[in-house]
Every structure is written in C-alpha cells, then in structure tokens.
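target_9.cif follows; it contains mmCIF, N, CA and C atoms.
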data_protein
loop_
_atom_site.label_atom_id
_atom_site.label_comp_id
_atom_site.auth_asym_id
_atom_site.auth_seq_id
_atom_site.Cartn_x
_atom_site.Cartn_y
_atom_site.Cartn_z
N GLN A 48 14.47 -10.71 7.37
CA GLN A 48 14.32 -9.29 7.15
C GLN A 48 13.76 -9.02 5.76
N VAL A 49 12.98 -7.99 5.68
CA VAL A 49 12.37 -7.57 4.42
C VAL A 49 12.65 -6.09 4.23
N ARG A 50 12.95 -5.73 3.04
CA ARG A 50 13.13 -4.31 2.69
C ARG A 50 12.07 -3.93 1.68
N LEU A 51 11.46 -2.79 1.91
CA LEU A 51 10.43 -2.27 1.02
C LEU A 51 10.85 -0.91 0.50
N MET A 52 10.59 -0.68 -0.78
CA MET A 52 10.96 0.59 -1.38
C MET A 52 9.86 1.04 -2.32
N GLU A 53 9.32 2.22 -2.05
CA GLU A 53 8.28 2.77 -2.91
C GLU A 53 8.89 3.50 -4.10
N SER A 54 8.12 3.58 -5.16
CA SER A 54 8.47 4.40 -6.32
C SER A 54 7.19 4.79 -7.04
N GLY A 55 7.30 5.77 -7.92
CA GLY A 55 6.17 6.16 -8.73
C GLY A 55 5.48 7.43 -8.28
N GLY A 56 5.91 8.01 -7.16
CA GLY A 56 5.29 9.25 -6.72
C GLY A 56 5.67 10.40 -7.62
N GLY A 57 5.01 11.52 -7.43
CA GLY A 57 5.28 12.70 -8.22
C GLY A 57 4.08 13.62 -8.24
N SER A 58 4.07 14.53 -9.20
CA SER A 58 2.95 15.46 -9.34
C SER A 58 2.00 14.96 -10.42
N VAL A 59 0.72 15.13 -10.15
CA VAL A 59 -0.30 14.73 -11.11
C VAL A 59 -1.45 15.72 -10.99
N GLN A 60 -2.09 15.98 -12.08
CA GLN A 60 -3.21 16.90 -12.06
C GLN A 60 -4.46 16.21 -11.53
N ALA A 61 -5.29 17.01 -10.90
CA ALA A 61 -6.55 16.47 -10.40
C ALA A 61 -7.32 15.81 -11.54
N GLY A 62 -7.86 14.63 -11.24
CA GLY A 62 -8.56 13.85 -12.26
C GLY A 62 -7.67 12.88 -13.00
N GLY A 63 -6.38 13.00 -12.82
CA GLY A 63 -5.43 12.13 -13.51
C GLY A 63 -5.18 10.84 -12.76
N SER A 64 -4.18 10.09 -13.23
CA SER A 64 -3.85 8.78 -12.67
C SER A 64 -2.38 8.69 -12.35
N LEU A 65 -2.07 7.81 -11.41
CA LEU A 65 -0.69 7.57 -11.00
C LEU A 65 -0.63 6.15 -10.46
N LYS A 66 0.48 5.47 -10.72
CA LYS A 66 0.64 4.12 -10.18
C LYS A 66 1.87 4.07 -9.29
N LEU A 67 1.67 3.70 -8.06
CA LEU A 67 2.76 3.53 -7.12
C LEU A 67 3.18 2.06 -7.08
N SER A 68 4.47 1.86 -6.92
CA SER A 68 5.01 0.51 -6.81
C SER A 68 5.76 0.38 -5.49
N CYS A 69 5.72 -0.82 -4.94
CA CYS A 69 6.49 -1.14 -3.74
C CYS A 69 7.29 -2.39 -4.05
N THR A 70 8.60 -2.26 -4.11
CA THR A 70 9.47 -3.39 -4.39
C THR A 70 9.90 -4.02 -3.08
N ALA A 71 9.72 -5.33 -3.00
CA ALA A 71 10.07 -6.06 -1.79
C ALA A 71 11.29 -6.93 -2.05
N SER A 72 12.17 -7.00 -1.07
CA SER A 72 13.34 -7.86 -1.17
C SER A 72 13.64 -8.46 0.19
N GLY A 73 14.35 -9.57 0.19
CA GLY A 73 14.65 -10.27 1.44
C GLY A 73 13.74 -11.47 1.61
N ASP A 74 13.27 -11.69 2.81
CA ASP A 74 12.43 -12.87 3.12
C ASP A 74 10.97 -12.61 2.72
N ILE A 75 10.76 -12.40 1.45
CA ILE A 75 9.44 -11.97 0.98
C ILE A 75 8.38 -13.05 1.11
N TYR A 76 8.78 -14.30 1.18
CA TYR A 76 7.78 -15.37 1.21
C TYR A 76 7.12 -15.49 2.57
N ASP A 77 7.61 -14.75 3.55
CA ASP A 77 6.97 -14.71 4.86
C ASP A 77 5.85 -13.66 4.91
N LEU A 78 5.75 -12.86 3.87
CA LEU A 78 4.77 -11.77 3.89
C LEU A 78 3.37 -12.29 3.58
N GLY A 79 2.41 -11.96 4.41
CA GLY A 79 1.05 -12.42 4.20
C GLY A 79 0.05 -11.33 4.00
N CYS A 80 0.43 -10.11 4.34
CA CYS A 80 -0.49 -8.98 4.24
C CYS A 80 0.32 -7.76 3.83
N MET A 81 -0.12 -7.09 2.78
CA MET A 81 0.57 -5.93 2.28
C MET A 81 -0.39 -4.75 2.22
N ALA A 82 0.12 -3.57 2.45
CA ALA A 82 -0.78 -2.42 2.58
C ALA A 82 -0.14 -1.14 2.10
N TRP A 83 -1.00 -0.21 1.78
CA TRP A 83 -0.59 1.16 1.50
C TRP A 83 -1.21 2.07 2.56
N PHE A 84 -0.39 2.98 3.04
CA PHE A 84 -0.82 4.01 3.96
C PHE A 84 -0.46 5.36 3.33
N ARG A 85 -0.98 6.40 3.92
CA ARG A 85 -0.58 7.74 3.49
C ARG A 85 -0.65 8.70 4.66
N GLN A 86 0.14 9.76 4.53
CA GLN A 86 0.12 10.80 5.56
C GLN A 86 0.17 12.15 4.87
N ALA A 87 -0.90 12.89 5.03
CA ALA A 87 -0.98 14.24 4.48
C ALA A 87 -0.31 15.21 5.45
N PRO A 88 0.14 16.35 4.94
CA PRO A 88 0.78 17.33 5.81
C PRO A 88 -0.12 17.72 6.98
N GLY A 89 0.42 17.63 8.17
CA GLY A 89 -0.33 18.03 9.35
C GLY A 89 -1.37 17.06 9.84
N LYS A 90 -1.42 15.89 9.20
CA LYS A 90 -2.43 14.90 9.58
C LYS A 90 -1.77 13.60 10.00
N ALA A 91 -2.54 12.76 10.67
CA ALA A 91 -2.05 11.46 11.08
C ALA A 91 -1.99 10.51 9.89
N ARG A 92 -1.13 9.53 9.98
CA ARG A 92 -1.07 8.51 8.94
C ARG A 92 -2.36 7.69 8.92
N GLU A 93 -2.82 7.35 7.73
CA GLU A 93 -4.05 6.58 7.60
C GLU A 93 -3.86 5.45 6.59
N GLY A 94 -4.62 4.39 6.77
CA GLY A 94 -4.58 3.30 5.83
C GLY A 94 -5.30 3.65 4.55
N VAL A 95 -4.89 3.01 3.45
CA VAL A 95 -5.52 3.24 2.15
C VAL A 95 -6.11 1.93 1.62
N ALA A 96 -5.27 0.89 1.56
CA ALA A 96 -5.72 -0.38 1.00
C ALA A 96 -4.81 -1.50 1.48
N THR A 97 -5.38 -2.71 1.52
CA THR A 97 -4.59 -3.90 1.86
C THR A 97 -4.87 -5.00 0.85
N ILE A 98 -3.92 -5.93 0.76
CA ILE A 98 -4.10 -7.12 -0.06
C ILE A 98 -3.38 -8.28 0.62
N ASP A 99 -4.01 -9.46 0.63
CA ASP A 99 -3.35 -10.59 1.25
C ASP A 99 -2.81 -11.53 0.16
N ARG A 100 -2.21 -12.64 0.59
CA ARG A 100 -1.57 -13.53 -0.37
C ARG A 100 -2.58 -14.27 -1.24
N ASN A 101 -3.85 -14.20 -0.88
CA ASN A 101 -4.91 -14.79 -1.71
C ASN A 101 -5.60 -13.73 -2.57
N ASP A 102 -5.01 -12.54 -2.59
CA ASP A 102 -5.52 -11.42 -3.39
C ASP A 102 -6.85 -10.88 -2.90
N ASN A 103 -7.17 -11.13 -1.63
CA ASN A 103 -8.32 -10.45 -1.04
C ASN A 103 -7.91 -9.02 -0.73
N THR A 104 -8.78 -8.09 -1.06
CA THR A 104 -8.44 -6.68 -0.89
C THR A 104 -9.40 -5.99 0.06
N ARG A 105 -8.91 -4.89 0.59
CA ARG A 105 -9.71 -4.06 1.50
C ARG A 105 -9.34 -2.62 1.22
N TYR A 106 -10.34 -1.74 1.19
CA TYR A 106 -10.11 -0.32 0.91
C TYR A 106 -10.81 0.54 1.96
N THR A 107 -10.19 1.66 2.27
CA THR A 107 -10.90 2.65 3.07
C THR A 107 -11.86 3.41 2.15
N ASP A 108 -12.79 4.10 2.77
CA ASP A 108 -13.84 4.76 1.98
C ASP A 108 -13.26 5.76 0.98
N SER A 109 -12.19 6.43 1.36
CA SER A 109 -11.62 7.44 0.47
C SER A 109 -11.00 6.82 -0.79
N ALA A 110 -10.66 5.54 -0.73
CA ALA A 110 -10.00 4.88 -1.85
C ALA A 110 -10.96 4.05 -2.71
N LYS A 111 -12.08 3.68 -2.16
CA LYS A 111 -13.01 2.81 -2.88
C LYS A 111 -13.45 3.43 -4.19
N GLY A 112 -13.38 2.62 -5.25
CA GLY A 112 -13.86 3.06 -6.55
C GLY A 112 -12.84 3.87 -7.34
N ARG A 113 -11.75 4.29 -6.70
CA ARG A 113 -10.74 5.10 -7.39
C ARG A 113 -9.37 4.44 -7.39
N PHE A 114 -9.03 3.75 -6.32
CA PHE A 114 -7.72 3.12 -6.18
C PHE A 114 -7.85 1.61 -6.28
N THR A 115 -6.80 0.98 -6.81
CA THR A 115 -6.76 -0.47 -6.90
C THR A 115 -5.41 -0.96 -6.41
N ILE A 116 -5.44 -1.87 -5.45
CA ILE A 116 -4.22 -2.49 -4.96
C ILE A 116 -4.06 -3.84 -5.65
N SER A 117 -2.84 -4.16 -6.01
CA SER A 117 -2.56 -5.45 -6.64
C SER A 117 -1.15 -5.87 -6.22
N ARG A 118 -0.81 -7.11 -6.50
CA ARG A 118 0.51 -7.58 -6.11
C ARG A 118 1.14 -8.41 -7.21
N HIS A 119 2.46 -8.46 -7.18
CA HIS A 119 3.21 -9.28 -8.12
C HIS A 119 2.97 -10.74 -7.75
N PRO A 120 2.72 -11.62 -8.72
CA PRO A 120 2.44 -13.02 -8.42
C PRO A 120 3.54 -13.71 -7.63
N ALA A 121 4.77 -13.28 -7.81
CA ALA A 121 5.88 -13.88 -7.09
C ALA A 121 6.21 -13.14 -5.81
N ALA A 122 5.30 -12.28 -5.40
CA ALA A 122 5.44 -11.53 -4.13
C ALA A 122 6.64 -10.62 -4.12
N GLU A 123 7.09 -10.22 -5.30
CA GLU A 123 8.24 -9.34 -5.36
C GLU A 123 7.88 -7.88 -5.18
N GLY A 124 6.60 -7.62 -5.13
CA GLY A 124 6.17 -6.25 -4.93
C GLY A 124 4.67 -6.13 -5.02
N PHE A 125 4.20 -4.95 -4.73
CA PHE A 125 2.78 -4.69 -4.88
C PHE A 125 2.59 -3.25 -5.31
N TYR A 126 1.35 -2.92 -5.69
CA TYR A 126 1.12 -1.69 -6.42
C TYR A 126 -0.14 -0.99 -5.93
N LEU A 127 -0.21 0.29 -6.23
CA LEU A 127 -1.43 1.05 -5.97
C LEU A 127 -1.72 1.90 -7.19
N GLN A 128 -2.74 1.52 -7.92
CA GLN A 128 -3.19 2.31 -9.07
C GLN A 128 -4.18 3.35 -8.55
N MET A 129 -3.84 4.60 -8.79
CA MET A 129 -4.67 5.70 -8.31
C MET A 129 -5.30 6.39 -9.51
N ASN A 130 -6.60 6.38 -9.59
CA ASN A 130 -7.32 7.03 -10.69
C ASN A 130 -8.19 8.16 -10.15
N ASN A 131 -8.49 9.10 -11.02
CA ASN A 131 -9.36 10.23 -10.64
C ASN A 131 -8.90 10.85 -9.32
N VAL A 132 -7.62 11.18 -9.27
CA VAL A 132 -7.06 11.70 -8.03
C VAL A 132 -7.65 13.06 -7.70
N LYS A 133 -7.67 13.36 -6.41
CA LYS A 133 -8.23 14.62 -5.91
C LYS A 133 -7.16 15.33 -5.08
N SER A 134 -7.39 16.60 -4.82
CA SER A 134 -6.41 17.36 -4.05
C SER A 134 -6.18 16.74 -2.68
N GLU A 135 -7.22 16.14 -2.11
CA GLU A 135 -7.08 15.54 -0.78
C GLU A 135 -6.26 14.26 -0.80
N ASP A 136 -5.88 13.79 -1.98
CA ASP A 136 -4.99 12.63 -2.06
C ASP A 136 -3.52 13.02 -1.92
N THR A 137 -3.25 14.31 -1.88
CA THR A 137 -1.87 14.75 -1.68
C THR A 137 -1.35 14.27 -0.34
N ALA A 138 -0.25 13.52 -0.39
CA ALA A 138 0.28 12.91 0.83
C ALA A 138 1.57 12.17 0.50
N THR A 139 2.28 11.80 1.55
CA THR A 139 3.36 10.84 1.39
C THR A 139 2.76 9.45 1.55
N TYR A 140 3.01 8.60 0.57
CA TYR A 140 2.44 7.25 0.57
C TYR A 140 3.51 6.25 0.99
N TYR A 141 3.12 5.37 1.90
CA TYR A 141 4.02 4.36 2.43
C TYR A 141 3.48 2.97 2.13
N CYS A 142 4.36 2.08 1.73
CA CYS A 142 3.95 0.69 1.66
C CYS A 142 4.41 -0.01 2.94
N ALA A 143 3.69 -1.04 3.30
CA ALA A 143 3.98 -1.78 4.52
C ALA A 143 3.57 -3.23 4.32
N ALA A 144 4.16 -4.09 5.14
CA ALA A 144 3.84 -5.51 5.02
C ALA A 144 3.93 -6.18 6.38
N ALA A 145 3.13 -7.21 6.51
CA ALA A 145 3.10 -7.98 7.76
C ALA A 145 3.44 -9.44 7.48
N VAL A 146 4.21 -10.01 8.38
CA VAL A 146 4.58 -11.42 8.28
C VAL A 146 3.40 -12.28 8.71
N ARG A 147 3.25 -13.39 8.05
CA ARG A 147 2.27 -14.38 8.47
C ARG A 147 2.97 -15.73 8.64
N THR A 148 2.75 -16.35 9.77
CA THR A 148 3.30 -17.67 10.05
C THR A 148 2.14 -18.65 10.20
N VAL A 149 2.44 -19.88 10.49
CA VAL A 149 1.38 -20.86 10.71
C VAL A 149 0.48 -20.40 11.85
N ALA A 150 1.08 -19.80 12.85
CA ALA A 150 0.31 -19.35 14.02
C ALA A 150 -0.56 -18.14 13.72
N THR A 151 -0.17 -17.32 12.75
CA THR A 151 -0.89 -16.08 12.50
C THR A 151 -1.54 -16.04 11.13
N MET A 152 -1.60 -17.17 10.45
CA MET A 152 -2.06 -17.16 9.07
C MET A 152 -3.52 -16.75 8.93
N ASN A 153 -4.30 -16.89 9.99
CA ASN A 153 -5.71 -16.51 9.92
C ASN A 153 -5.99 -15.12 10.47
N PHE A 154 -4.94 -14.39 10.80
CA PHE A 154 -5.14 -13.01 11.25
C PHE A 154 -5.72 -12.21 10.08
N PRO A 155 -6.60 -11.28 10.36
CA PRO A 155 -7.14 -10.45 9.27
C PRO A 155 -6.06 -9.57 8.66
N CYS A 156 -6.20 -9.36 7.38
CA CYS A 156 -5.27 -8.45 6.69
C CYS A 156 -5.90 -7.06 6.71
N ASP A 157 -5.67 -6.37 7.80
CA ASP A 157 -6.16 -5.00 7.90
C ASP A 157 -4.94 -4.11 8.08
N PHE A 158 -5.09 -2.99 8.71
CA PHE A 158 -4.00 -2.03 8.78
C PHE A 158 -3.18 -2.15 10.07
N ALA A 159 -3.43 -3.17 10.84
CA ALA A 159 -2.73 -3.33 12.10
C ALA A 159 -1.58 -4.32 11.97
N GLY A 160 -0.60 -4.18 12.81
CA GLY A 160 0.44 -5.18 12.94
C GLY A 160 1.43 -5.27 11.81
N MET A 161 1.71 -4.16 11.13
CA MET A 161 2.69 -4.19 10.04
C MET A 161 4.10 -4.33 10.62
N ASN A 162 4.88 -5.20 10.00
CA ASN A 162 6.23 -5.46 10.48
C ASN A 162 7.28 -4.65 9.74
N TYR A 163 7.01 -4.31 8.50
CA TYR A 163 8.01 -3.63 7.67
C TYR A 163 7.37 -2.44 6.97
N TRP A 164 8.19 -1.41 6.78
CA TRP A 164 7.71 -0.17 6.17
C TRP A 164 8.72 0.34 5.16
N GLY A 165 8.19 0.96 4.10
CA GLY A 165 9.05 1.69 3.18
C GLY A 165 9.30 3.08 3.72
N VAL A 166 10.08 3.85 2.97
CA VAL A 166 10.44 5.19 3.42
C VAL A 166 9.48 6.26 2.92
N GLY A 167 8.60 5.87 2.00
CA GLY A 167 7.59 6.81 1.54
C GLY A 167 7.91 7.45 0.20
N THR A 168 6.85 7.78 -0.51
CA THR A 168 6.98 8.51 -1.77
C THR A 168 5.90 9.57 -1.81
N LEU A 169 6.26 10.78 -2.21
CA LEU A 169 5.35 11.91 -2.16
C LEU A 169 4.49 11.97 -3.41
N VAL A 170 3.19 12.12 -3.21
CA VAL A 170 2.25 12.34 -4.29
C VAL A 170 1.63 13.71 -4.09
N THR A 171 1.73 14.54 -5.11
CA THR A 171 1.16 15.88 -5.05
C THR A 171 0.14 16.01 -6.16
N VAL A 172 -1.08 16.34 -5.80
CA VAL A 172 -2.13 16.51 -6.79
C VAL A 172 -2.29 18.00 -7.04
N GLU A 173 -2.07 18.39 -8.27
CA GLU A 173 -2.16 19.79 -8.67
C GLU A 173 -3.59 20.12 -9.11
N PRO A 174 -4.03 21.33 -8.85
CA PRO A 174 -5.42 21.69 -9.24
C PRO A 174 -5.58 21.76 -10.75
#
Mind converting the file's structure to structure tokens?
Amino acid sequence: QVRLMESGGGSVQAGGSLKLSCTASGDIYDLGCMAWFRQAPGKAREGVATIDRNDNTRYTDSAKGRFTISRHPAAEGFYLQMNNVKSEDTATYYCAAAVRTVATMNFPCDFAGMNYWGVGTLVTVEP
C-alpha cells in the first residue's frame, strides 16, 4: 500500500509561482510512474504531467514551458513547480502514482492506470 498526500496549494496571483509537493509513504519502491492531475470547477479531471523512475517527463500542452515535474531521489515524493500561473490553472490538484513490476516495467508512463491517489490540494489563481 502507498499513501500520497499533497501540500503547497493556496492562492497565488496571476503570473506568480507555486510549488506543489506530494509526499509518498508505504511501499514506495514499487512506484514506477508518478503524475499530477487537476480538476477545475465544473470540468473533468485532466492530466498535467508525469515522471517515471528514470526521470523521463511528459507534459500536457497547457503545462509545457510553465510547469516542471520532479521527484525526490529516494522516491519519497514528487513535485510540481508552477510558474507564470494563469486563471485557467485554478483547480484542485491531485498527485497519483502507478506501480511497476517486472511484468509492467515497460508500460508507458502516461496518465492511465494510476493505482494510488492523493486527496487533492486547491490552487486558486487570483487576477
């Protein structure tokens, strides 16, 4: 079992920066793919960024050039640095992670197949 907990959300002015953290505990060494998602009010949840255990990253178009995903070297957590935030970035942000085994180690690290989820942290971008 793995437990994930987000922190770092809050209010930030448009154009500012915010760093979200996701603390992982439990069987963290089974995690092979980590991701950030978000859900804006009235909208479906969407992926933001992923990172695998080799530090390969993937971003959706809305995050490219502004957000950076990174992870703790000991897999104790991962992060989302958000720069030049916009009003459309207002959302609840969730961290998620997927287990990788010998059988699934070559699965792509995209936004599918997450096994564990945090409870979310709200980010509000003020005008």
Leaving out A:Asp77 and any residue of its chain fewer than 3 positions from it, which residues lie within 8 Å of it when counting only N, CA and C atoms, given as a short mmCIF file (atom, residue, chain, number, x, y, z; two decimals) with N, CA and C atoms, in the frame of the given file?
data_model
loop_
_atom_site.label_atom_id
_atom_site.label_comp_id
_atom_site.auth_asym_id
_atom_site.auth_seq_id
_atom_site.Cartn_x
_atom_site.Cartn_y
_atom_site.Cartn_z
N GLY A 73 14.35 -9.57 0.19
CA GLY A 73 14.65 -10.27 1.44
C GLY A 73 13.74 -11.47 1.61
N ASP A 74 13.27 -11.69 2.81
CA ASP A 74 12.43 -12.87 3.12
C ASP A 74 10.97 -12.61 2.72
N CYS A 80 0.43 -10.11 4.34
CA CYS A 80 -0.49 -8.98 4.24
C CYS A 80 0.32 -7.76 3.83
N ALA A 144 4.16 -4.09 5.14
CA ALA A 144 3.84 -5.51 5.02
C ALA A 144 3.93 -6.18 6.38
N ALA A 145 3.13 -7.21 6.51
CA ALA A 145 3.10 -7.98 7.76
C ALA A 145 3.44 -9.44 7.48
N VAL A 146 4.21 -10.01 8.38
CA VAL A 146 4.58 -11.42 8.28
C VAL A 146 3.40 -12.28 8.71
N ARG A 147 3.25 -13.39 8.05
CA ARG A 147 2.27 -14.38 8.47
C ARG A 147 2.97 -15.73 8.64
N THR A 148 2.75 -16.35 9.77
CA THR A 148 3.30 -17.67 10.05
C THR A 148 2.14 -18.65 10.20
#
Any chance you could work out the residue set of the PyMOL selection byres (((chain A and resi 173 and name CA) around 10) and name CA) here, as a PyMOL selection string?
chain A and resi 58-63+132-134+137+170-172+174
I need the output of the PyMOL selection byres (((chain A and resi 156 and name CA) around 7) and name CA) for this file as an mmCIF file with N, CA and C atoms, keeping the file's coordinate frame; which residues are they?
data_model
loop_
_atom_site.group_PDB
_atom_site.id
_atom_site.type_symbol
_atom_site.label_atom_id
_atom_site.label_comp_id
_atom_site.auth_asym_id
_atom_site.auth_seq_id
_atom_site.Cartn_x
_atom_site.Cartn_y
_atom_site.Cartn_z
ATOM 1 N N CYS A 80 0.430 -10.110 4.340
ATOM 2 C CA CYS A 80 -0.490 -8.980 4.240
ATOM 3 C C CYS A 80 0.320 -7.760 3.830
ATOM 4 N N THR A 97 -5.380 -2.710 1.520
ATOM 5 C CA THR A 97 -4.590 -3.900 1.860
ATOM 6 C C THR A 97 -4.870 -5.000 0.850
ATOM 7 N N ILE A 98 -3.920 -5.930 0.760
ATOM 8 C CA ILE A 98 -4.100 -7.120 -0.060
ATOM 9 C C ILE A 98 -3.380 -8.280 0.620
ATOM 10 N N ASP A 99 -4.010 -9.460 0.630
ATOM 11 C CA ASP A 99 -3.350 -10.590 1.250
ATOM 12 C C ASP A 99 -2.810 -11.530 0.160
ATOM 13 N N PHE A 154 -4.940 -14.390 10.800
ATOM 14 C CA PHE A 154 -5.140 -13.010 11.250
ATOM 15 C C PHE A 154 -5.720 -12.210 10.080
ATOM 16 N N PRO A 155 -6.600 -11.280 10.360
ATOM 17 C CA PRO A 155 -7.140 -10.450 9.270
ATOM 18 C C PRO A 155 -6.060 -9.570 8.660
ATOM 19 N N ASP A 157 -5.670 -6.370 7.800
ATOM 20 C CA ASP A 157 -6.160 -5.000 7.900
ATOM 21 C C ASP A 157 -4.940 -4.110 8.080
ATOM 22 N N PHE A 158 -5.090 -2.990 8.710
ATOM 23 C CA PHE A 158 -4.000 -2.030 8.780
ATOM 24 C C PHE A 158 -3.180 -2.150 10.070
#
Compare A:Tyr126, A:Ala150, A:Val95, A:Cys69 by their minimum atom-to-atom distance to A:Lys111, counting only N, CA and C atoms, and give me the closest one.
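Closest to A:Lys111, using only N, CA and C atoms: A:Val95.
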Pick out the closest residue to A:Gln86 from this set: A:Leu51, A:Ala121, A:Ala138, A:Val149. Count only C-alpha atoms.
A:Ala138
Hey, can you check how far atom N of A:Lys66 sits from atom CA of A:Gly160?
25.9 Å
Quick one: distance from atom CA of A:Ser64 to atom CA of A:Arg113 in Å, one decimal?
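For atom CA of A:Ser64 relative to atom CA of A:Arg113, the distance reads 9.4 Å.
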Could you tell me, as a list in words, exactly which residues end up selected when the PyMOL selection byres ((chain A and resi 163) around 6) is applied to this structure?
Cys142, Ala143, Ala144, Ala145, Met161, Asn162, Trp164 and Gly165 of chain A
Include N, CA and C atoms and write out the residues we just selected as a PDB file, in the coordinates of the input.
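As written to disk, selection_1.pdb reads:
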ATOM      1  N   CYS A 142       4.360   2.080   1.730  1.00  0.00           N
ATOM      2  CA  CYS A 142       3.950   0.690   1.660  1.00  0.00           C
ATOM      3  C   CYS A 142       4.410  -0.010   2.940  1.00  0.00           C
ATOM      4  N   ALA A 143       3.690  -1.040   3.300  1.00  0.00           N
ATOM      5  CA  ALA A 143       3.980  -1.780   4.520  1.00  0.00           C
ATOM      6  C   ALA A 143       3.570  -3.230   4.320  1.00  0.00           C
ATOM      7  N   ALA A 144       4.160  -4.090   5.140  1.00  0.00           N
ATOM      8  CA  ALA A 144       3.840  -5.510   5.020  1.00  0.00           C
ATOM      9  C   ALA A 144       3.930  -6.180   6.380  1.00  0.00           C
ATOM     10  N   ALA A 145       3.130  -7.210   6.510  1.00  0.00           N
ATOM     11  CA  ALA A 145       3.100  -7.980   7.760  1.00  0.00           C
ATOM     12  C   ALA A 145       3.440  -9.440   7.480  1.00  0.00           C
ATOM     13  N   MET A 161       1.710  -4.160  11.130  1.00  0.00           N
ATOM     14  CA  MET A 161       2.690  -4.190  10.040  1.00  0.00           C
ATOM     15  C   MET A 161       4.100  -4.330  10.620  1.00  0.00           C
ATOM     16  N   ASN A 162       4.880  -5.200  10.000  1.00  0.00           N
ATOM     17  CA  ASN A 162       6.230  -5.460  10.480  1.00  0.00           C
ATOM     18  C   ASN A 162       7.280  -4.650   9.740  1.00  0.00           C
ATOM     19  N   TRP A 164       8.190  -1.410   6.780  1.00  0.00           N
ATOM     20  CA  TRP A 164       7.710  -0.170   6.170  1.00  0.00           C
ATOM     21  C   TRP A 164       8.720   0.340   5.160  1.00  0.00           C
ATOM     22  N   GLY A 165       8.190   0.960   4.100  1.00  0.00           N
ATOM     23  CA  GLY A 165       9.050   1.690   3.180  1.00  0.00           C
ATOM     24  C   GLY A 165       9.300   3.080   3.720  1.00  0.00           C
TER      25      GLY A 165
END
DSSP strand (DSSP E) residues within stretch 114-167 of chain A, listed as a PyMOL selection string:
chain A and resi 114-118+124-129+138-146+163-164
Separating atom N of A:Ser109 from atom C of A:Gly94, to the nearest tenth of an Å, is a gap of 8.1 Å
Spatial neighbours of A:Asp102, 12 Å, only C-alpha atoms, chain gap at least 3 places, as a ChimeraX atom specification
/A:79-82,96-99,105,115-120,122,125,156
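When only C-alpha atoms are used to measure the gap to A:Gly89, the shortest distance among A:Ala159, A:Asp108, A:Thr139, A:Ser68 belongs to A:Thr139.
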Centre and size of axis-aligned box enclosing stretch 58-72 of chain A plus 8 Å each side, as AutoDock Vina command-line options:
--center_x 2.5 --center_y 4.3 --center_z -6.7 --size_x 38.2 --size_y 41.5 --size_z 29.7
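With distances restricted to only C-alpha atoms, A:Tyr140 is the closest residue to A:Ala87 from A:Thr151, A:Tyr106, A:Arg50, A:Tyr140.
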Write out as a list in words the set of residues from chain A that DSSP, computed on the backbone, places in helix (DSSP H, G or I).
Ile75, Tyr76, Asp77, Ser134, Glu135 and Asp136 of chain A
Nearest to A:Gly112 by atom-to-atom distance, counting only N, CA and C atoms, from A:Asp136, A:Gly167, A:Asn130, A:Leu78
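Selected residue with least distance to A:Gly112: A:Asn130.
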Final N, CA, C and O atoms of stretch 114-125 of chain A as a CSV table (one decimal), in the coordinates of the input:
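The result, stored in part05.csv:
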chain,number,residue,atom,x,y,z
A,114,PHE,N,-9.0,3.8,-6.3
A,114,PHE,CA,-7.7,3.1,-6.2
A,114,PHE,C,-7.8,1.6,-6.3
A,114,PHE,O,-8.9,1.0,-5.9
A,115,THR,N,-6.8,1.0,-6.8
A,115,THR,CA,-6.8,-0.5,-6.9
A,115,THR,C,-5.4,-1.0,-6.4
A,115,THR,O,-4.4,-0.5,-6.9
A,116,ILE,N,-5.4,-1.9,-5.4
A,116,ILE,CA,-4.2,-2.5,-5.0
A,116,ILE,C,-4.1,-3.8,-5.6
A,116,ILE,O,-5.0,-4.6,-5.8
A,117,SER,N,-2.8,-4.2,-6.0
A,117,SER,CA,-2.6,-5.4,-6.6
A,117,SER,C,-1.2,-5.9,-6.2
A,117,SER,O,-0.4,-5.1,-5.7
A,118,ARG,N,-0.8,-7.1,-6.5
A,118,ARG,CA,0.5,-7.6,-6.1
A,118,ARG,C,1.1,-8.4,-7.2
A,118,ARG,O,0.5,-9.0,-8.1
A,119,HIS,N,2.5,-8.5,-7.2
A,119,HIS,CA,3.2,-9.3,-8.1
A,119,HIS,C,3.0,-10.7,-7.8
A,119,HIS,O,3.0,-11.1,-6.6
A,120,PRO,N,2.7,-11.6,-8.7
A,120,PRO,CA,2.4,-13.0,-8.4
A,120,PRO,C,3.5,-13.7,-7.6
A,120,PRO,O,3.3,-14.6,-6.9
A,121,ALA,N,4.8,-13.3,-7.8
A,121,ALA,CA,5.9,-13.9,-7.1
A,121,ALA,C,6.2,-13.1,-5.8
A,121,ALA,O,7.3,-13.3,-5.2
A,122,ALA,N,5.3,-12.3,-5.4
A,122,ALA,CA,5.4,-11.5,-4.1
A,122,ALA,C,6.6,-10.6,-4.1
A,122,ALA,O,7.2,-10.3,-3.1
A,123,GLU,N,7.1,-10.2,-5.3
A,123,GLU,CA,8.2,-9.3,-5.4
A,123,GLU,C,7.9,-7.9,-5.2
A,123,GLU,O,8.8,-7.0,-5.1
A,124,GLY,N,6.6,-7.6,-5.1
A,124,GLY,CA,6.2,-6.2,-4.9
A,124,GLY,C,4.7,-6.1,-5.0
A,124,GLY,O,4.0,-7.1,-5.3
A,125,PHE,N,4.2,-5.0,-4.7
A,125,PHE,CA,2.8,-4.7,-4.9
A,125,PHE,C,2.6,-3.2,-5.3
A,125,PHE,O,3.5,-2.5,-5.3
